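As stored in data_19.cif (mmCIF, C-alpha atoms):
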```cif
data_protein
#
loop_
_atom_site.label_atom_id
_atom_site.label_comp_id
_atom_site.auth_asym_id
_atom_site.auth_seq_id
_atom_site.Cartn_x
_atom_site.Cartn_y
_atom_site.Cartn_z
CA MET Y 1 31.82 -11.06 -47.44
CA ARG Y 2 32.69 -7.52 -48.49
CA LYS Y 3 34.89 -7.29 -51.55
CA ASN Y 4 38.04 -5.20 -51.84
CA LYS Y 5 35.89 -2.81 -53.88
CA PHE Y 6 32.39 -1.63 -53.18
CA HIS Y 7 29.87 -2.66 -55.79
CA TRP Y 8 29.52 0.89 -57.06
CA ASP Y 9 33.26 0.99 -57.80
CA ILE Y 10 32.98 -1.85 -60.32
CA GLU Y 11 32.27 -0.82 -63.91
CA VAL Y 12 29.43 -2.84 -65.43
CA PRO Y 13 29.34 -2.83 -69.26
CA LYS Y 14 26.01 -1.91 -70.84
CA GLU Y 15 26.19 -4.79 -73.33
CA GLY Y 16 27.78 -8.20 -73.63
CA PRO Y 17 28.47 -10.93 -71.06
CA LEU Y 18 29.25 -10.12 -67.44
CA THR Y 19 31.98 -11.49 -65.25
CA ARG Y 20 31.09 -12.93 -61.84
CA GLU Y 21 32.22 -9.70 -60.18
CA GLN Y 22 30.29 -7.51 -62.61
CA ALA Y 23 27.13 -9.57 -62.08
CA TRP Y 24 27.54 -9.20 -58.32
CA SER Y 25 27.89 -5.43 -58.74
CA ALA Y 26 24.84 -5.08 -60.98
CA LEU Y 27 22.64 -7.15 -58.67
CA SER Y 28 23.93 -5.29 -55.61
CA ASN Y 29 22.70 -2.05 -57.16
CA LEU Y 30 19.27 -3.64 -57.51
CA SER Y 31 19.38 -4.73 -53.88
CA THR Y 32 19.15 -1.13 -52.68
CA LYS Y 33 16.04 -0.63 -54.80
CA PHE Y 34 14.55 -3.85 -53.43
CA ASP Y 35 15.02 -2.63 -49.88
CA LEU Y 36 13.49 0.77 -50.62
CA ILE Y 37 10.47 -0.70 -52.38
CA GLY Y 38 9.97 -3.19 -49.56
CA TYR Y 39 10.02 -0.40 -47.00
CA ARG Y 40 7.56 1.74 -48.96
CA ILE Y 41 4.96 -0.92 -49.78
CA THR Y 42 4.79 -1.94 -46.12
CA ASP Y 43 4.78 1.64 -44.85
CA GLY Y 44 7.96 1.21 -42.84
CA GLY Y 45 7.26 -2.35 -41.75
CA VAL Y 46 3.46 -2.27 -41.27
CA PRO Y 47 1.63 -3.73 -44.31
CA SER Y 48 -0.05 -1.00 -46.30
CA PHE Y 49 -3.07 -2.73 -47.79
CA GLU Y 50 -3.83 0.25 -49.97
CA ALA Y 51 -0.60 -0.45 -51.82
CA VAL Y 52 -0.58 -4.26 -52.07
CA LEU Y 53 -2.35 -7.27 -50.62
CA GLU Y 54 -0.81 -9.25 -47.74
CA ASP Y 55 -0.10 -12.34 -49.87
CA GLU Y 56 1.56 -10.10 -52.47
CA ILE Y 57 3.83 -8.72 -49.77
CA GLY Y 58 4.79 -12.31 -48.92
CA THR Y 59 5.60 -12.99 -52.57
CA PHE Y 60 7.71 -9.86 -52.65
CA ARG Y 61 9.62 -10.91 -49.52
CA ALA Y 62 10.26 -14.34 -51.03
CA ALA Y 63 11.62 -12.74 -54.20
CA GLN Y 64 13.79 -10.48 -52.03
CA GLN Y 65 15.18 -13.48 -50.16
CA HIS Y 66 16.01 -15.27 -53.41
CA HIS Y 67 17.73 -12.15 -54.64
CA ASN Y 68 19.81 -11.87 -51.48
CA LYS Y 69 20.77 -15.55 -51.69
CA LEU Y 70 21.95 -15.06 -55.26
CA LEU Y 71 24.02 -12.08 -54.14
CA LYS Y 72 25.63 -14.17 -51.42
CA ASP Y 73 26.39 -16.99 -53.85
CA LEU Y 74 28.05 -14.57 -56.25
CA GLU Y 75 30.29 -12.99 -53.65
CA MET Y 76 33.90 -14.03 -53.94
CA ASP Y 77 34.91 -16.32 -51.09
CA VAL Y 78 38.40 -16.63 -49.70
CA LEU Y 79 39.48 -19.26 -52.25
CA ASP Y 80 38.24 -17.06 -55.11
CA LYS Y 81 40.40 -14.25 -53.79
CA LEU Y 82 43.46 -16.44 -53.43
CA ALA Y 83 43.00 -17.80 -56.94
CA ALA Y 84 42.73 -14.28 -58.36
CA ILE Y 85 46.09 -13.15 -56.99
CA LYS Y 86 48.74 -13.01 -59.69
CA PRO Y 87 52.13 -14.51 -58.76
CA ASP Y 88 53.98 -11.52 -60.22
CA GLU Y 89 51.88 -8.92 -58.42
CA PRO Y 90 54.17 -6.38 -56.70
CA VAL Y 91 54.29 -6.28 -52.93
CA GLU Y 92 53.39 -3.26 -50.83
CA GLU Y 93 55.82 -0.37 -50.90
CA ASP Y 94 56.49 -0.82 -47.18
CA GLU Y 95 59.65 -2.91 -46.92
CA ASP Y 96 58.15 -4.83 -44.00
CA GLU Y 97 55.31 -6.13 -46.18
CA LYS Y 98 56.12 -9.56 -47.61
CA PHE Y 99 52.86 -10.34 -49.39
CA PRO Y 100 50.77 -8.79 -52.18
CA LYS Y 101 48.23 -6.35 -50.81
CA ASP Y 102 45.28 -8.43 -52.01
CA LEU Y 103 46.60 -11.46 -50.16
CA LYS Y 104 47.12 -9.37 -47.04
CA ALA Y 105 43.55 -8.08 -47.35
CA VAL Y 106 42.26 -11.65 -47.20
CA PHE Y 107 43.63 -11.92 -43.66
CA ASP Y 108 43.20 -8.33 -42.48
CA ASN Y 109 39.67 -7.68 -43.72
CA TYR Y 110 37.40 -7.52 -40.65
CA TYR Y 111 34.43 -8.72 -42.71
CA GLY Y 112 36.43 -11.39 -44.55
CA ASP Y 113 35.95 -15.15 -44.26
CA ILE Y 114 39.01 -15.72 -42.09
CA ALA Y 115 38.32 -12.92 -39.63
CA ARG Y 116 34.65 -13.92 -39.33
CA TRP Y 117 35.61 -17.56 -38.82
CA GLU Y 118 38.03 -16.62 -36.03
CA ARG Y 119 35.38 -14.53 -34.29
CA LYS Y 120 32.76 -17.28 -34.55
CA ASP Y 121 34.37 -19.48 -31.91
CA PRO Y 122 37.25 -18.93 -29.46
CA GLY Y 123 38.74 -22.25 -30.60
CA ASN Y 124 38.99 -21.20 -34.25
CA SER Y 125 42.52 -20.37 -35.35
CA LYS Y 126 44.22 -19.09 -38.50
CA ILE Y 127 46.85 -21.78 -37.97
CA VAL Y 128 44.25 -24.56 -38.03
CA LEU Y 129 42.76 -23.04 -41.18
CA ALA Y 130 46.19 -22.88 -42.83
CA LEU Y 131 46.88 -26.51 -41.96
CA ALA Y 132 43.45 -27.52 -43.26
CA LEU Y 133 44.25 -25.79 -46.57
CA LEU Y 134 47.52 -27.72 -46.70
CA GLU Y 135 45.66 -30.99 -46.25
CA ASP Y 136 43.06 -29.96 -48.83
CA SER Y 137 45.96 -29.37 -51.23
CA GLY Y 138 47.18 -32.94 -50.86
CA VAL Y 139 49.55 -32.86 -47.87
CA ASP Y 140 48.85 -35.92 -45.71
CA ALA Y 141 48.05 -35.83 -42.01
CA GLU Y 142 51.41 -37.30 -40.98
CA ALA Y 143 53.29 -34.55 -42.82
CA ILE Y 144 51.09 -31.92 -41.17
CA ARG Y 145 51.83 -33.48 -37.78
CA ASP Y 146 55.55 -33.08 -38.54
CA VAL Y 147 54.98 -29.41 -39.42
CA ILE Y 148 53.19 -28.83 -36.11
CA THR Y 149 55.93 -30.62 -34.16
CA ARG Y 150 58.73 -28.63 -35.80
CA ALA Y 151 57.17 -25.20 -36.22
CA LEU Y 152 54.75 -24.79 -33.32
CA ASP Y 153 56.80 -26.36 -30.52
CA PRO Y 154 53.94 -28.08 -28.66
CA ARG Y 155 56.15 -28.78 -25.63
CA SER Y 156 56.90 -25.10 -25.01
CA LYS Y 157 55.13 -23.45 -22.08
CA TYR Y 158 54.31 -20.55 -24.41
CA SER Y 159 52.57 -22.75 -26.97
CA ASP Y 160 48.80 -23.21 -27.26
CA VAL Y 161 49.28 -26.53 -29.06
CA TRP Y 162 48.84 -29.75 -27.08
CA GLU Y 163 49.11 -33.45 -27.68
CA CYS Y 164 45.63 -34.75 -28.39
CA PRO Y 165 44.15 -36.61 -25.40
CA GLN Y 166 41.75 -38.60 -27.54
CA CYS Y 167 44.27 -40.33 -29.81
CA ASP Y 168 45.64 -43.77 -29.06
CA ASP Y 169 48.76 -43.57 -26.90
CA HIS Y 170 51.08 -45.04 -29.51
CA SER Y 171 49.23 -44.01 -32.69
CA PRO Y 172 48.87 -40.21 -32.89
CA GLY Y 173 45.93 -39.21 -35.05
CA MET Y 174 44.17 -42.57 -34.66
CA VAL Y 175 41.44 -43.90 -32.38
CA GLY Y 176 41.30 -47.64 -32.85
CA GLU Y 177 40.88 -48.30 -36.55
CA GLY Y 178 39.55 -44.82 -37.32
CA VAL Y 179 41.09 -41.36 -37.54
CA CYS Y 180 40.76 -39.05 -34.55
CA ARG Y 181 38.09 -36.45 -35.18
CA ARG Y 182 39.15 -34.22 -32.34
CA CYS Y 183 42.57 -33.40 -33.82
CA TYR Y 184 41.76 -33.99 -37.52
CA ALA Y 185 44.22 -36.94 -37.40
CA TRP Y 186 47.11 -34.53 -36.77
CA GLY Y 187 47.83 -35.69 -33.23
CA TYR Y 188 47.59 -32.21 -31.72
CA VAL Y 189 44.81 -29.91 -30.56
CA PHE Y 190 44.83 -26.11 -30.40
CA GLY Y 191 43.58 -23.62 -27.83
CA ASP Y 192 43.08 -24.31 -24.14
CA GLU Y 193 45.10 -27.11 -22.54
CA PRO Y 194 43.05 -30.32 -22.19
CA ASP Y 195 42.34 -31.55 -18.67
CA SER Y 196 45.06 -33.97 -17.55
CA SER Y 197 42.42 -36.58 -16.67
CA GLU Y 198 41.44 -36.81 -20.33
CA TYR Y 199 44.73 -38.52 -21.13
CA ASP Y 200 43.71 -41.49 -18.96
CA TRP Y 201 40.53 -42.36 -20.85
CA THR Y 202 39.92 -46.02 -21.59
CA GLU Y 203 39.94 -47.20 -25.20
CA ALA Y 204 36.17 -47.63 -25.08
CA GLY Y 205 35.77 -44.06 -23.82
CA ARG Y 206 37.98 -42.63 -26.52
CA ALA Y 207 36.17 -44.60 -29.20
CA ALA Y 208 32.75 -43.44 -27.97
CA LEU Y 209 33.83 -39.80 -27.87
CA ASN Y 210 35.33 -40.12 -31.33
CA ARG Y 211 31.98 -41.34 -32.64
CA GLY Y 212 30.35 -38.25 -31.15
CA GLU Y 213 28.62 -40.18 -28.38
CA GLU Y 214 28.29 -39.08 -24.76
CA TRP Y 215 30.74 -40.73 -22.36
CA THR Y 216 30.02 -40.03 -18.72
CA PRO Y 217 32.34 -40.39 -15.69
CA GLU Y 218 30.10 -43.24 -14.55
CA GLN Y 219 30.63 -45.09 -17.83
CA GLU Y 220 34.36 -44.49 -17.60
CA ALA Y 221 34.46 -45.83 -14.03
CA ALA Y 222 32.47 -48.93 -15.03
CA GLU Y 223 34.79 -49.61 -17.96
CA GLU Y 224 37.85 -49.23 -15.75
CA ALA Y 225 36.35 -51.66 -13.25
CA ARG Y 226 35.64 -54.18 -16.02
CA LEU Y 227 39.19 -53.95 -17.33
CA LYS Y 228 40.61 -54.33 -13.83
CA ALA Y 229 38.51 -57.45 -13.23
CA GLU Y 230 39.72 -58.96 -16.51
CA TRP Y 231 43.32 -58.20 -15.61
CA GLU Y 232 42.97 -59.80 -12.16
CA GLU Y 233 41.43 -62.94 -13.70
CA ASP Y 234 44.42 -63.30 -15.98
#
```
For this file, write the structure as structure tokens.
Amino acid sequence: MRKNKFHWDIEVPKEGPLTREQAWSALSNLSTKFDLIGYRITDGGVPSFEAVLEDEIGTFRAAQQHHNKLLKDLEMDVLDKLAAIKPDEPVEEDEDEKFPKDLKAVFDNYYGDIARWERKDPGNSKIVLALALLEDSGVDAEAIRDVITRALDPRSKYSDVWECPQCDDHSPGMVGEGVCRRCYAWGYVFGDEPDSSEYDWTEAGRAALNRGEEWTPEQEAAEEARLKAEWEED
């Protein structure tokens, strides 16, 4: 993830301990040299055996990969950024801006965690991420379900929030004795409207899907037939 500053904008002291950000900057400067050396010793991608042996090139590539992994580990993730924001930091000069600029950058940055997560899958949503952060902070699933019900108006025709078709009919967020994995135990799903037929699944079908197992129309039909036979016997 790209930082608010480029690595060359961060001052790295010549002596003494380094902060996480300063270490990232110093190693990022080395990364450019790594890339240049790698290009030159392989003659633009083709191994140049006059320069180094093939197994030495492999060792170099391995070292380069370890270096890049360390860089990635040192990059500040979204939680690092949020933790670094000072509560008394002034807001933007624009009167329409309600949040500190660094907080706004977390959401607006095209290369940031949130933007990349949204682009990864059409079903990914900032709202789901925000609710997940709430739960991670100690808010229980029932309280989050209340937030969704009040704030997102799932019954509105303009909403992209729907009652979860996998939950038990009278126990939102639950499938049998376990929590519903499809809606994170919140009782609602986000994105495209579920097919209406999904709301008629048998308990066995819902349980199988919640365990991550395949549940075919044939299995559903067989289960419905079994339940009907039991009901007629009674």
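Going from CA of Asp108 (chain Y) over to CA of Lys69 (chain Y), you cover 25.3 Å.
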Region 99-162 of chain Y residues near region 167-189 of chain Y within 8 Å, closest pair each, using only C-alpha atoms, as CSV:
```
residue,atom,partner,partner_atom,distance
Y:Ala141,CA,Y:Trp186,CA,5.5
Y:Glu142,CA,Y:Trp186,CA,6.6
Y:Ile144,CA,Y:Trp186,CA,6.5
Y:Arg145,CA,Y:Trp186,CA,4.9
Y:Ile148,CA,Y:Tyr188,CA,7.9
Y:Val161,CA,Y:Val189,CA,5.8
Y:Trp162,CA,Y:Val189,CA,5.3
```
Quiz item: Between Y:Ala62, Y:Ala222, Y:Val128, Y:Val147, which is the closest to Gly191 (chain Y) once you count only C-alpha atoms?
Solution: Y:Val128
Quiz item: Which is closer to Ala151 (chain Y) than all the others in Y:Ile114, Y:Val106, Y:Leu131, Y:Ile57, using only C-alpha atoms?
Solution: Y:Leu131
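Here the question is which of Y:Ser125, Y:Ser159, Y:Gln166, Y:Gln64 gets nearest to Leu209 (chain Y) using all atoms listed in the file, and that residue is Y:Gln166.
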Quiz item: Between CA of Arg150 (chain Y) and CA of Gly138 (chain Y), what is the spacing in Å?
Solution: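 Straight-line distance from CA of Gly138 (chain Y) to CA of Arg150 (chain Y) works out to 19.5 Å.
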Practice problem: Would you mind reading off the distance between CA of Val139 (chain Y) and CA of Phe99 (chain Y), one decimal, in Å? | Solution: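 CA of Phe99 (chain Y) lies 22.8 Å from CA of Val139 (chain Y).
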Quiz item: Could you pull the residues within 12 Å of Asn29 (chain Y), counting only C-alpha atoms, minus those fewer than 2 positions along the same chain, as a list in words?
Solution: Phe6, His7, Trp8, Asp9, Ile10, Glu11, Val12, Gln22, Ala23, Trp24, Ser25, Ala26, Leu27, Ser31, Thr32, Lys33, Phe34, Asp35, Leu36, His67, Asn68 and Leu71 of chain Y
Exercise. Find the spatial neighbours of Pro217 (chain Y), counting only C-alpha atoms, within a cut-off of 12 Å - ignore same-chain residues fewer than 3 positions away - and output them as a list in words.
Key: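 Listing them by chain and then by number gives Ser197, Glu198, Asp200, Trp201, Thr202, Gly205, Glu214, Glu220, Ala221, Ala222, Glu223 and Glu224 of chain Y.
Of the listed residues Y:Leu227, Y:Thr149, Y:Phe107, Y:Leu18, the one whose atoms come nearest to Glu203 (chain Y) is Y:Leu227, with distances taken using all atoms listed in the file.
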With 5 Å added on each side, what axis-aligned box encloses every listed atom of region 134-138 of chain Y? Give the centre and edge lengths in Å to one decimal, as JSON.
```
{"center_x": 45.3, "center_y": -30.3, "center_z": -48.7, "size_x": 14.5, "size_y": 15.2, "size_z": 15.0}
```
Kindly write region 10-34 of chain Y with C-alpha atoms to a file, as an mmCIF file, in the first residue's frame.
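The resulting file, part-v9.cif, is shown below:
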```
data_model
loop_
_atom_site.group_PDB
_atom_site.id
_atom_site.type_symbol
_atom_site.label_atom_id
_atom_site.label_comp_id
_atom_site.auth_asym_id
_atom_site.auth_seq_id
_atom_site.Cartn_x
_atom_site.Cartn_y
_atom_site.Cartn_z
ATOM 1 C CA ILE Y 10 10.808 10.667 4.625
ATOM 2 C CA GLU Y 11 13.951 11.861 6.396
ATOM 3 C CA VAL Y 12 16.089 8.961 7.608
ATOM 4 C CA PRO Y 13 18.580 9.851 10.371
ATOM 5 C CA LYS Y 14 22.185 8.801 9.769
ATOM 6 C CA GLU Y 15 22.569 7.429 13.301
ATOM 7 C CA GLY Y 16 20.408 6.010 16.057
ATOM 8 C CA PRO Y 17 17.301 3.809 15.980
ATOM 9 C CA LEU Y 18 14.777 4.003 13.158
ATOM 10 C CA THR Y 19 11.028 4.188 13.356
ATOM 11 C CA ARG Y 20 8.924 1.727 11.346
ATOM 12 C CA GLU Y 21 8.311 4.400 8.709
ATOM 13 C CA GLN Y 22 11.983 5.380 8.524
ATOM 14 C CA ALA Y 23 13.014 1.735 8.131
ATOM 15 C CA TRP Y 24 10.495 1.342 5.314
ATOM 16 C CA SER Y 25 11.922 4.433 3.608
ATOM 17 C CA ALA Y 26 15.543 3.305 3.906
ATOM 18 C CA LEU Y 27 14.795 -0.175 2.578
ATOM 19 C CA SER Y 28 12.672 1.252 -0.242
ATOM 20 C CA ASN Y 29 15.695 3.223 -1.413
ATOM 21 C CA LEU Y 30 17.652 -0.024 -1.524
ATOM 22 C CA SER Y 31 14.868 -1.661 -3.524
ATOM 23 C CA THR Y 32 15.602 0.537 -6.542
ATOM 24 C CA LYS Y 33 19.240 -0.540 -6.426
ATOM 25 C CA PHE Y 34 18.188 -4.185 -6.153
#
```
